[in-house]
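Asker: One structure follows; several queries about it will come next.
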Amino acid sequence: MDRFYSLAHASIDFHFKQTPRDFVVEEIPLYEFSGEGEHLILQVRKKNLSTNEMIGQIARYLGIKNKEIGYAGLKDKNAMTVQYISLHKKHEEALENFNFDGIKILSKTYHNNKLRIGHLKGNRFYIKLKKVNPTSAEKIDEALKNIEKFGMPNFFGYQRFGNDGDNHILGEKLAKGEARERNPRVKRLLINAYQSHLFNLWLSRRLEINTLVNSFKAQEIESLLNMPNEEVKKMKEQKHPFKLISGDVMEHYPNGRLFDFEGAKEDLERFNARDISVTGLLCGKKVRHATEIAGEIEKDYDDEINADGARRYAWVFPTEIEGRFNKQEAQYEMNFTLPKGSYATVLIEEIAKRKINE
């Protein structure tokens, strides 16, 4: 399903429709491939195809099962994407004659291991916004500067929830044994959609709390949030737009161990310096939970389900941000890099929110 953004507010507006011409993403591998081994690594460019559709076409051509082809991450369908896949090198010769509209093999190498989900450092994006006037371009410039300085909330994008945006509803039933799905991959995706839905609700609540902290006096917030006055004062003193709360589960950034936030000034400085970031809950079994006040907030977005849980960065820091305004074409082009699991469409929505909230 196409996703269309159009924002008009006073003198600011832009138009974005996710298409291969205006949305390009290139995968950044987690590590350098060894150049030797039994696994053939292909750099593949695709357009108007999901990763699973692309893998399905290659698997059918070779007469193998989809699961024999490894990949590090799922890429958007309505986009031009470059990603890596792996398969046994015995198929190398057969692939020399592979030809399918929308799929092009760009390069090949070898590696000792099969690619697996998560073997990914991040993604580099190229986005084009249209119908942009000079005033809007200046505001987009400013929004990108703010994102580069402070980072952005790490919401799951609309792609996570299916064409109709309701995959989480069936996902909840599957996670609680109230429905069945024979395909294990589909079942996992649907349950993940439910976990992601709760995460997004929690993150929205935390951003609401941030707004209250910035907008009201400590005594007023104390009653609004049923939160100790001392905690509110500590939040109001924080320089970062995302306010940490006692008991938050932090993680070294961009990867590392988890630990509890206890209000230490050193940890606030490390958060500002992007050395650590705050995490949110993906509910399930075998997962670490927030404690203290942060835990009280988190429990409203927790659920007992028959799946393993995890922690996800709630706040991420896009890097290598570049923006260019083409006045003649009324277009704004931007490039940026996001860590794995983060959504470029969320960054676009964040620009829209920042413009409205100015």
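Chains: A, B, ... in order of the structure tokens. Residues: from 1 per chain. Ligands: from 1, in order shown.
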Please give the complete set of residues from range 65-286 of chain A that DSSP, run on the backbone, assigns to strand (DSSP E or B), formatted as number ranges by chain.
Answerer: A: 70-71, 80-88, 100, 103-111, 120-130, 152-153, 249-252, 258-260, 276-282, 285
Asker: Export, as a short mmCIF file (atom, residue, chain, number, x, y, z; two decimals), in the first residue's frame, the selected residues with N, CA and C atoms.
Answerer:
data_model
loop_
_atom_site.label_atom_id
_atom_site.label_comp_id
_atom_site.auth_asym_id
_atom_site.auth_seq_id
_atom_site.Cartn_x
_atom_site.Cartn_y
_atom_site.Cartn_z
N GLY A 70 19.80 -16.39 2.90
CA GLY A 70 19.90 -15.59 4.10
C GLY A 70 19.84 -14.10 3.78
N TYR A 71 19.36 -13.32 4.74
CA TYR A 71 19.32 -11.86 4.60
C TYR A 71 19.42 -11.24 5.97
N MET A 80 13.46 1.98 -3.88
CA MET A 80 14.65 1.40 -4.51
C MET A 80 15.59 1.04 -3.38
N THR A 81 15.90 -0.25 -3.23
CA THR A 81 16.71 -0.68 -2.10
C THR A 81 17.89 -1.53 -2.57
N VAL A 82 18.98 -1.39 -1.84
CA VAL A 82 20.17 -2.21 -2.08
C VAL A 82 20.46 -2.96 -0.79
N GLN A 83 20.50 -4.29 -0.88
CA GLN A 83 20.75 -5.09 0.31
C GLN A 83 21.57 -6.32 -0.06
N TYR A 84 21.99 -7.05 0.97
CA TYR A 84 22.82 -8.23 0.77
C TYR A 84 22.02 -9.48 1.11
N ILE A 85 22.23 -10.53 0.30
CA ILE A 85 21.66 -11.84 0.59
C ILE A 85 22.77 -12.87 0.48
N SER A 86 22.56 -14.04 1.07
CA SER A 86 23.56 -15.10 1.00
C SER A 86 22.89 -16.41 0.61
N LEU A 87 23.64 -17.25 -0.09
CA LEU A 87 23.20 -18.59 -0.45
C LEU A 87 24.45 -19.42 -0.73
N HIS A 88 24.27 -20.73 -0.85
CA HIS A 88 25.44 -21.57 -1.06
C HIS A 88 26.09 -21.25 -2.41
N PHE A 100 15.26 -10.85 -13.86
CA PHE A 100 13.89 -10.60 -13.42
C PHE A 100 13.72 -9.10 -13.28
N ILE A 103 14.86 -6.68 -10.21
CA ILE A 103 15.96 -7.25 -9.42
C ILE A 103 17.24 -7.21 -10.24
N LYS A 104 18.30 -6.67 -9.67
CA LYS A 104 19.60 -6.64 -10.35
C LYS A 104 20.70 -7.00 -9.36
N ILE A 105 21.51 -7.97 -9.70
CA ILE A 105 22.66 -8.34 -8.88
C ILE A 105 23.80 -7.39 -9.20
N LEU A 106 24.24 -6.63 -8.21
CA LEU A 106 25.25 -5.59 -8.42
C LEU A 106 26.67 -6.10 -8.25
N SER A 107 26.88 -6.97 -7.26
CA SER A 107 28.23 -7.48 -7.00
C SER A 107 28.14 -8.77 -6.21
N LYS A 108 29.26 -9.47 -6.11
CA LYS A 108 29.27 -10.71 -5.34
C LYS A 108 30.61 -10.88 -4.64
N THR A 109 30.55 -11.59 -3.53
CA THR A 109 31.75 -11.96 -2.79
C THR A 109 31.43 -13.23 -2.02
N TYR A 110 32.28 -13.60 -1.07
CA TYR A 110 32.07 -14.85 -0.33
C TYR A 110 32.26 -14.59 1.16
N HIS A 111 31.68 -15.50 1.94
CA HIS A 111 31.83 -15.38 3.39
C HIS A 111 31.69 -16.76 4.03
N LEU A 120 23.41 -6.54 10.65
CA LEU A 120 23.24 -5.28 9.93
C LEU A 120 23.63 -4.13 10.85
N LYS A 121 24.43 -3.23 10.32
CA LYS A 121 24.83 -2.06 11.12
C LYS A 121 23.79 -0.96 11.04
N GLY A 122 23.28 -0.72 9.85
CA GLY A 122 22.29 0.33 9.67
C GLY A 122 21.92 0.46 8.21
N ASN A 123 21.28 1.58 7.88
CA ASN A 123 20.85 1.83 6.51
C ASN A 123 21.08 3.29 6.15
N ARG A 124 21.48 3.52 4.92
CA ARG A 124 21.69 4.87 4.39
C ARG A 124 20.53 5.21 3.47
N PHE A 125 19.87 6.35 3.72
CA PHE A 125 18.65 6.71 2.98
C PHE A 125 18.86 7.94 2.10
N TYR A 126 18.14 7.96 1.00
CA TYR A 126 17.97 9.15 0.17
C TYR A 126 16.47 9.38 0.04
N ILE A 127 16.01 10.56 0.44
CA ILE A 127 14.59 10.89 0.44
C ILE A 127 14.38 12.19 -0.33
N LYS A 128 13.32 12.24 -1.11
CA LYS A 128 12.99 13.47 -1.83
C LYS A 128 11.59 13.93 -1.42
N LEU A 129 11.51 15.17 -0.91
CA LEU A 129 10.24 15.80 -0.58
C LEU A 129 9.88 16.77 -1.70
N LYS A 130 8.62 16.84 -2.06
CA LYS A 130 8.19 17.68 -3.17
C LYS A 130 7.26 18.79 -2.71
N MET A 152 16.02 11.33 17.75
CA MET A 152 14.57 11.27 17.52
C MET A 152 13.98 10.03 18.16
N PRO A 153 12.66 10.04 18.42
CA PRO A 153 12.00 8.85 18.96
C PRO A 153 12.04 7.71 17.95
N VAL A 249 15.41 1.56 31.78
CA VAL A 249 16.45 0.62 31.37
C VAL A 249 17.23 1.27 30.24
N MET A 250 18.51 1.50 30.49
CA MET A 250 19.38 2.13 29.51
C MET A 250 20.22 1.06 28.81
N GLU A 251 20.76 1.43 27.66
CA GLU A 251 21.66 0.52 26.93
C GLU A 251 22.77 1.33 26.30
N HIS A 252 23.98 0.79 26.34
CA HIS A 252 25.09 1.44 25.66
C HIS A 252 24.76 1.55 24.18
N LEU A 258 22.68 -3.74 29.13
CA LEU A 258 21.59 -3.00 29.74
C LEU A 258 21.92 -2.67 31.19
N PHE A 259 21.41 -1.54 31.68
CA PHE A 259 21.55 -1.20 33.09
C PHE A 259 20.44 -0.23 33.48
N ASP A 260 20.17 -0.12 34.76
CA ASP A 260 19.10 0.74 35.26
C ASP A 260 19.58 2.17 35.48
N ILE A 276 24.97 6.37 25.56
CA ILE A 276 23.93 5.46 26.00
C ILE A 276 22.59 5.99 25.51
N SER A 277 21.57 5.12 25.51
CA SER A 277 20.23 5.59 25.19
C SER A 277 19.22 4.81 26.01
N VAL A 278 18.01 5.34 26.06
CA VAL A 278 16.95 4.72 26.84
C VAL A 278 16.26 3.67 25.98
N THR A 279 15.76 2.61 26.62
CA THR A 279 15.08 1.54 25.89
C THR A 279 13.63 1.42 26.32
N GLY A 280 12.83 0.85 25.43
CA GLY A 280 11.44 0.54 25.73
C GLY A 280 11.21 -0.96 25.65
N LEU A 281 10.11 -1.40 26.19
CA LEU A 281 9.80 -2.83 26.31
C LEU A 281 9.10 -3.36 25.06
N LEU A 282 9.58 -4.50 24.58
CA LEU A 282 8.83 -5.35 23.67
C LEU A 282 8.37 -6.52 24.53
N LYS A 285 8.31 -12.98 27.32
CA LYS A 285 9.07 -13.71 28.32
C LYS A 285 10.56 -13.38 28.22
#
Asker: Please give the complete set of residues from range 34-253 of chain A that DSSP, run on the backbone, assigns to alpha helix (DSSP H), formatted as a ChimeraX atom specification.
Answerer: /A:51-62,134-150,167-175,184-215,218-225,229-237
Asker: Pull the closest atom pair for each residue of range 126-209 of chain A that gets at most 12 Å from range 300-312 of chain A, along with the distance in Å to one decimal, counting only C-alpha atoms, ordering rows by chain and then ascending residue number, as CSV.
Answerer:
residue,atom,partner,partner_atom,distance
A:Pro153,CA,A:Arg312,CA,11.2
A:Asn154,CA,A:Arg312,CA,8.5
A:Phe155,CA,A:Arg312,CA,9.8
A:Phe156,CA,A:Arg312,CA,10.2
A:Gly171,CA,A:Ile305,CA,10.2
A:Glu172,CA,A:Ile305,CA,8.1
A:Lys173,CA,A:Ile305,CA,9.4
A:Leu174,CA,A:Asn306,CA,8.5
A:Ala175,CA,A:Ile305,CA,5.2
A:Lys176,CA,A:Ile305,CA,5.5
A:Gly177,CA,A:Asn306,CA,7.7
A:Glu178,CA,A:Ile305,CA,11.0
A:Lys187,CA,A:Ala307,CA,10.7
A:Arg188,CA,A:Ala307,CA,8.8
A:Leu189,CA,A:Ala307,CA,11.6
A:Leu190,CA,A:Ala307,CA,11.5
A:Ile191,CA,A:Ala307,CA,7.9
A:Asn192,CA,A:Ala307,CA,9.1
A:Tyr194,CA,A:Ile305,CA,10.0
A:Gln195,CA,A:Gly309,CA,8.2
A:Ser196,CA,A:Arg312,CA,9.7
A:His197,CA,A:Tyr301,CA,9.3
A:Leu198,CA,A:Tyr301,CA,5.5
A:Phe199,CA,A:Tyr301,CA,7.1
A:Asn200,CA,A:Tyr301,CA,9.3
A:Leu201,CA,A:Tyr301,CA,7.2
A:Trp202,CA,A:Tyr301,CA,5.9
A:Leu203,CA,A:Tyr301,CA,9.6
A:Ser204,CA,A:Tyr301,CA,11.0
A:Arg205,CA,A:Tyr301,CA,9.8
A:Arg206,CA,A:Tyr301,CA,11.4
Asker: Fewer than 3 positions away in the same chain doesn't count, so skip those; otherwise give me all residues within 12 Å of Glu222 in chain A, counting only C-alpha atoms, as a ChimeraX atom specification.
Answerer: /A:209,212-213,216-219,225-233,235-236
Asker: Using only C-alpha atoms, find the one residue out of A:Val24, A:Glu320, A:Ile351, A:Leu207 that sits nearest to Thr337 in chain A.
Answerer: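 Once distances to Thr337 in chain A are computed over only C-alpha atoms, the minimum belongs to A:Glu320.
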Asker: Could you check which of A:Asn78, A:Thr51, A:Gln57, A:Thr135 is closest to Thr19 in chain A, using only C-alpha atoms?
Answerer: A:Asn78
Asker: Measuring between only C-alpha atoms, which one of A:Asn112, A:Val132, A:Asp166, A:Glu96 shows the shortest distance to Gly37 in chain A?
Answerer: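 Closest candidate: A:Asn112.
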Asker: Which residues, written as JSON, numbers by chain, have at least one atom at most 10 Å from His91 in chain A, with only C-alpha atoms counted and residues fewer than 5 positions away on the same chain left out?
Answerer: {"A": [39, 40, 62, 64, 96]}
Asker: To one decimal in Å, tell me the separation between CA of Ala79 in chain A and CA of Leu170 in chain A.
Answerer: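 Distance reported for this atom pair: 27.0 Å.
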